[in-house]
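Engineer: First, the structure itself, so that you have it in front of you.
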Amino acid sequence: MAYRLFEGKEHAASYVKFRTSPSNELVQRLIDFVEKQEGKPLGVAVDVGCGSGQGTVLLAKHFASVLGTDVSAAQIDMAMTHAAAPNITYRQSPAEQLPCEDASVDLLSAMSAFHWFDRPRFLREAHRVLRPRGCLALLNYVMDMELHRPDCGPDALNQVCKEFYEALRPYRSPHLSGHSIDLYREAFQALPYPDKEWNECVRVRKPMPLSSYVGMVESFSSFQALLRKNPQEAEELSSNITQRLMSVMKVTSPDTEVVVEVKYFYLLACKPAED
Ligand SMILES: C[S@@+](CC[C@H](N)C(=O)[O-])C[C@H]1O[C@@H](n2cnc3c(N)ncnc32)[C@H](O)[C@@H]1O
């Protein structure tokens with residue numbers, strides 16, 4: 001069964017504002033993998049569960065055309081407004097039933113989205129739409145992002161961050177059971193494609209205001225679940241965490257810059273030339 005959690009306009013707007021995108025270096029790893037299998041030039045990429053299109057735009061300069069799909073109309077509206085390019089189109093569509101011809105796609109990606117899909121149905125759909133030697137790229141990051149600041153030991157900051165994540169853990173969707181990395185690892189092991197690659201940790205560091213780090217955590221489904229259940233508790237939690245982080249940093253403004261370290265993991269796999 002697929003889960004639909006990101007459909008509200010406000011949630012989609014918080015995506016545009018706060019969600020991190022993979023680094024160019026990380027996207028280059030996907031591109032290198034696809035080029036190794038298929039050679040150049042690259043034709044069609046489809047970014048499934050594209051949200052507001054942060055990852056979709058990064059694909060646009062490598063492919064002749066890119067299609068971003070998402071089950072949420074609100075997310076597709078955001079993507080069309082904030083992540084447009086001449087060779088990108090966006091379509092509202094479930095991941096399990098893509099608007100693509102059989103054997104027509106060179107790269108099928110899902111960035112921070114595969115864990116929400118009906119995974120067996122999506123993987124069958126991926127197999128249908130991928131060309132022979134077309135590639136599948138599934139990536140995500142672990143929730144436990146770390147903060148860094150030059151004049152501040154990381155332990156004190158990250159102890160506060162850990163408390164933030166722990167407070168949200170009970171609100172994780174049951175669809176995800178434990179850690180999402182386990183779902184991806186299982187999918188990697190089960191994929192019957194001989195050419196495949198698994199990377200458990202690629203660290204991507206991004207400078208941003210402390211308030212944007214907090215906004216990013218607030219955009220997570222677990223925070224949104226707490227917000228729906230008890231708005232006051234949710235607001236108190238993020239305000240308390242912000243105050244404590246500022247106190248550790250010895251600053252008074254939530255606009256103070258921090259470096260957020262995001263730990264990505266990914267699965268890359270190439271559909272065999274012959275079934
Ligand atoms: C965590 S967001 C990731 C968005 C974007 N790819 C990114 O990297 O920020 C997950 C997205 O998957 C979409 N989604 C969830 N289930 C889906 C499904 N079954 N079919 C298509 N999209 C789905 C949600 O609407 C949401 O936009």
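By order in the structure tokens, chains are A, B, ...; within a chain, residues start at 1; ligands start at 1, following the order shown.
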So that I can see what lies close to Leu191 of chain A, please list as JSON, numbers by chain the residues with an atom at most 12 Å from it, counting only C-alpha atoms and leaving out residues fewer than 2 positions away in the same chain.
Structural biologist: {"A": [119, 120, 123, 124, 126, 127, 136, 184, 185, 186, 187, 188, 189, 193, 194, 195, 196, 197, 198, 267, 268, 269, 270, 271, 272]}
Engineer: Could you pull out the helix (DSSP H, G or I) residues of segment 23-102 of chain A, going by DSSP on the backbone, and write them as number ranges by chain?
Structural biologist: A: 24-38, 56-60, 73-82
Engineer: Need the shell around Ala234 of chain A: protein/DNA/RNA residues with any atom at most 8 Å away, counting only C-alpha atoms. Skip same-chain ones fewer than 5 positions apart. Format as an MDAnalysis selection string?
Structural biologist: chainID A and resid 223 226:227
Engineer: Taking N, CA and C atoms for each residue, export the selection above as a short mmCIF file (atom, residue, chain, number, x, y, z; two decimals), in the first residue's frame.
Structural biologist:
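again-v6.cif, freshly written:
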data_model
loop_
_atom_site.label_atom_id
_atom_site.label_comp_id
_atom_site.auth_asym_id
_atom_site.auth_seq_id
_atom_site.Cartn_x
_atom_site.Cartn_y
_atom_site.Cartn_z
N PHE A 223 7.36 15.19 12.37
CA PHE A 223 7.01 16.46 13.01
C PHE A 223 5.60 16.87 12.60
N LEU A 226 3.12 15.05 14.67
CA LEU A 226 2.98 15.66 16.01
C LEU A 226 2.20 16.97 15.92
N LEU A 227 2.46 17.74 14.88
CA LEU A 227 1.77 19.03 14.70
C LEU A 227 0.26 18.82 14.57
#
Engineer: So the first atom is atom CA of Glu146 of chain A and the second is atom CA of Cys201 of chain A; what is the distance between them in Å, to one decimal place?
Structural biologist: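 One can read the atom CA of Glu146 of chain A to atom CA of Cys201 of chain A distance as 13.4 Å.
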Engineer: Please report, as a PyMOL selection string, each residue of segment 1-170 of chain A to which DSSP assigns strand (DSSP E or B) when run on this structure's backbone.
Structural biologist: chain A and resi 42-48+63-70+88-92+105-111+130-141+146-149+152
Engineer: Within 10 Å of segment 171-177 of chain A, which residues of segment 94-134 of chain A show up? Give each one with its shortest atom-to-atom distance in Å (one decimal) and the two atoms involved, counting only C-alpha atoms, rows by chain then rising residue number, as a Markdown table.
Structural biologist:
| residue | atom | partner | partner_atom | distance |
| --- | --- | --- | --- | --- |
| A:His115 | CA | A:Leu176 | CA | 6.8 |
| A:Trp116 | CA | A:His175 | CA | 7.4 |
| A:Phe117 | CA | A:His175 | CA | 9.4 |
| A:Asp118 | CA | A:His175 | CA | 9.7 |
Engineer: Restrict the selected residues to N, CA and C atoms and save them as a PDB file, in the first residue's frame.
Structural biologist:
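Result went into selection.pdb, see below:
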ATOM      1  N   HIS A 115      10.525   5.109   0.036  1.00  0.00           N
ATOM      2  CA  HIS A 115      10.002   4.464   1.251  1.00  0.00           C
ATOM      3  C   HIS A 115       8.508   4.727   1.450  1.00  0.00           C
ATOM      4  N   TRP A 116       7.973   5.764   0.747  1.00  0.00           N
ATOM      5  CA  TRP A 116       6.529   6.036   0.869  1.00  0.00           C
ATOM      6  C   TRP A 116       5.695   5.240  -0.127  1.00  0.00           C
ATOM      7  N   PHE A 117       6.335   4.656  -1.115  1.00  0.00           N
ATOM      8  CA  PHE A 117       5.580   3.987  -2.181  1.00  0.00           C
ATOM      9  C   PHE A 117       5.119   2.603  -1.735  1.00  0.00           C
ATOM     10  N   ASP A 118       4.205   2.046  -2.550  1.00  0.00           N
ATOM     11  CA  ASP A 118       3.946   0.611  -2.470  1.00  0.00           C
ATOM     12  C   ASP A 118       5.151  -0.007  -3.182  1.00  0.00           C
TER      13      ASP A 118
END
Engineer: Which residues come within 10 Å of segment 19-28 of chain A, counting only C-alpha atoms, excluding same-chain residues fewer than 2 positions away, as a PyMOL selection string?
Structural biologist: chain A and resi 12-17+30-34+51-59+62+111-112+137+139-141+202-206+212-213+215-220+260+262+264-266
Engineer: Can you list, as a ChimeraX atom specification, every protein, DNA or RNA residue that comes within 12 Å of Ile88 of chain A when you count only C-alpha atoms, leaving out same-chain residues fewer than 2 positions away?
Structural biologist: /A:44-47,50,53,55-69,79-86,90-91
Engineer: Pull C-alpha atoms from the residues just selected and write them as a PDB file, in the first residue's frame.
Structural biologist:
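Output below, filename result-v7.pdb:
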ATOM      1  CA  VAL A  44      14.909  10.506 -20.674  1.00  0.00           C
ATOM      2  CA  ALA A  45      14.954  10.785 -16.873  1.00  0.00           C
ATOM      3  CA  VAL A  46      11.872  10.373 -14.694  1.00  0.00           C
ATOM      4  CA  ASP A  47      12.030  11.627 -11.100  1.00  0.00           C
ATOM      5  CA  CYS A  50       9.579  14.647  -7.110  1.00  0.00           C
ATOM      6  CA  GLY A  53      11.345  19.475  -7.725  1.00  0.00           C
ATOM      7  CA  GLY A  55      16.230  17.021  -7.139  1.00  0.00           C
ATOM      8  CA  THR A  56      14.444  17.071 -10.521  1.00  0.00           C
ATOM      9  CA  VAL A  57      16.139  20.316 -11.621  1.00  0.00           C
ATOM     10  CA  LEU A  58      19.551  18.819 -10.887  1.00  0.00           C
ATOM     11  CA  LEU A  59      18.883  16.124 -13.495  1.00  0.00           C
ATOM     12  CA  ALA A  60      17.800  18.587 -16.178  1.00  0.00           C
ATOM     13  CA  LYS A  61      21.278  19.565 -17.336  1.00  0.00           C
ATOM     14  CA  HIS A  62      22.289  15.935 -17.913  1.00  0.00           C
ATOM     15  CA  PHE A  63      19.259  14.621 -19.855  1.00  0.00           C
ATOM     16  CA  ALA A  64      17.464  15.633 -23.033  1.00  0.00           C
ATOM     17  CA  SER A  65      14.178  15.575 -21.116  1.00  0.00           C
ATOM     18  CA  VAL A  66      13.087  15.067 -17.535  1.00  0.00           C
ATOM     19  CA  LEU A  67       9.646  14.187 -16.222  1.00  0.00           C
ATOM     20  CA  GLY A  68       8.878  14.855 -12.544  1.00  0.00           C
ATOM     21  CA  THR A  69       5.919  12.949 -11.110  1.00  0.00           C
ATOM     22  CA  ALA A  79       7.522  22.195  -8.585  1.00  0.00           C
ATOM     23  CA  MET A  80       6.056  23.917 -11.660  1.00  0.00           C
ATOM     24  CA  THR A  81       6.489  27.305  -9.960  1.00  0.00           C
ATOM     25  CA  HIS A  82       9.870  26.848  -8.282  1.00  0.00           C
ATOM     26  CA  ALA A  83      11.771  24.207 -10.240  1.00  0.00           C
ATOM     27  CA  ALA A  84      11.020  24.849 -13.888  1.00  0.00           C
ATOM     28  CA  ALA A  85      13.388  24.347 -16.853  1.00  0.00           C
ATOM     29  CA  PRO A  86      12.672  24.148 -20.596  1.00  0.00           C
ATOM     30  CA  TYR A  90       5.692  17.699 -14.300  1.00  0.00           C
ATOM     31  CA  ARG A  91       2.725  15.333 -14.017  1.00  0.00           C
TER      32      ARG A  91
END
Engineer: Considering only C-alpha atoms and all ligand atoms, can you say which of A:Val71, A:Leu42, A:Ala190, A:Ala103 comes closest to ligand 1?
Structural biologist: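 Closest to ligand 1, using only C-alpha atoms and all ligand atoms: A:Val71.
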Engineer: Which residue out of A:Glu35, A:Asp155, A:Glu125, A:Asp106 has the minimum interatomic distance to ligand 1 when only C-alpha atoms and all ligand atoms are used?
Structural biologist: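 Closest residue, counting only C-alpha atoms and all ligand atoms: A:Glu125.
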Engineer: So, with only C-alpha atoms and all ligand atoms as the atoms that count, which of A:Ile241, A:Val48, A:Met143, A:Leu210 lies closest to ligand 1?
Structural biologist: A:Val48
Engineer: Using Å and a single decimal, report how far atom CA of Ser222 of chain A sits from atom CA of Arg169 of chain A.
Structural biologist: 7.0 Å
Engineer: Env of Leu245 of chain A: 12 Å cut, atoms = only C-alpha atoms, seq-sep filter 6 positions within chain, self excluded. Answer as a PyMOL selection string.
Structural biologist: chain A and resi 147-149+152-164+209-211+213-214+238-239+251-258
Engineer: Could you turn the residues from that selection into a file that holds C-alpha atoms, as a compact mmCIF listing (two decimals), in the first residue's frame?
Structural biologist:
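Output below, filename selection.txt:
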# COMPACT_ATOMS: atom_id res chain seq x y z
CA LEU A 147 25.31 20.40 13.00
CA HIS A 148 28.74 22.01 12.84
CA ARG A 149 30.05 25.43 13.74
CA CYS A 152 31.62 25.18 18.89
CA GLY A 153 32.34 21.53 19.79
CA PRO A 154 29.96 19.33 17.75
CA ASP A 155 29.04 17.07 20.67
CA ALA A 156 27.07 19.65 22.65
CA LEU A 157 25.14 20.77 19.54
CA ASN A 158 24.41 17.26 18.37
CA GLN A 159 23.24 16.11 21.77
CA VAL A 160 20.43 18.67 21.47
CA CYS A 161 19.70 17.56 17.88
CA LYS A 162 19.49 13.94 19.03
CA GLU A 163 16.87 14.91 21.60
CA PHE A 164 14.89 16.57 18.78
CA PRO A 209 20.64 29.60 9.03
CA LEU A 210 19.82 27.67 12.20
CA SER A 211 16.13 28.48 11.57
CA TYR A 213 17.74 23.54 9.90
CA VAL A 214 14.80 23.61 12.34
CA SER A 238 10.95 23.27 18.10
CA SER A 239 11.14 26.54 20.01
CA VAL A 251 24.23 33.49 19.92
CA THR A 252 20.90 35.28 20.14
CA SER A 253 19.65 35.04 16.54
CA PRO A 254 18.13 31.97 14.86
CA ASP A 255 19.49 33.44 11.61
CA THR A 256 23.01 32.47 12.72
CA GLU A 257 24.65 30.21 10.17
CA VAL A 258 25.35 26.56 10.92
Engineer: Return the single residue from A:Pro192, A:Pro231, A:Gly43, A:Pro170 that is closest to Ser104 of chain A, with distances computed using only C-alpha atoms.
Structural biologist: A:Gly43
Engineer: Go through A:Asp70, A:Glu233, A:Glu38, A:Asp77 and flag the residue nearest ligand 1, using only C-alpha atoms and all ligand atoms for the distances.
Structural biologist: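 Result for the nearest residue to ligand 1: A:Asp70.
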Engineer: Would you please work out which residue, of A:Leu107, A:Glu101, A:Pro132, A:Leu138, is nearest to ligand 1 when using only C-alpha atoms and all ligand atoms?
Structural biologist: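 Among the listed residues, A:Leu138 lies closest to ligand 1.
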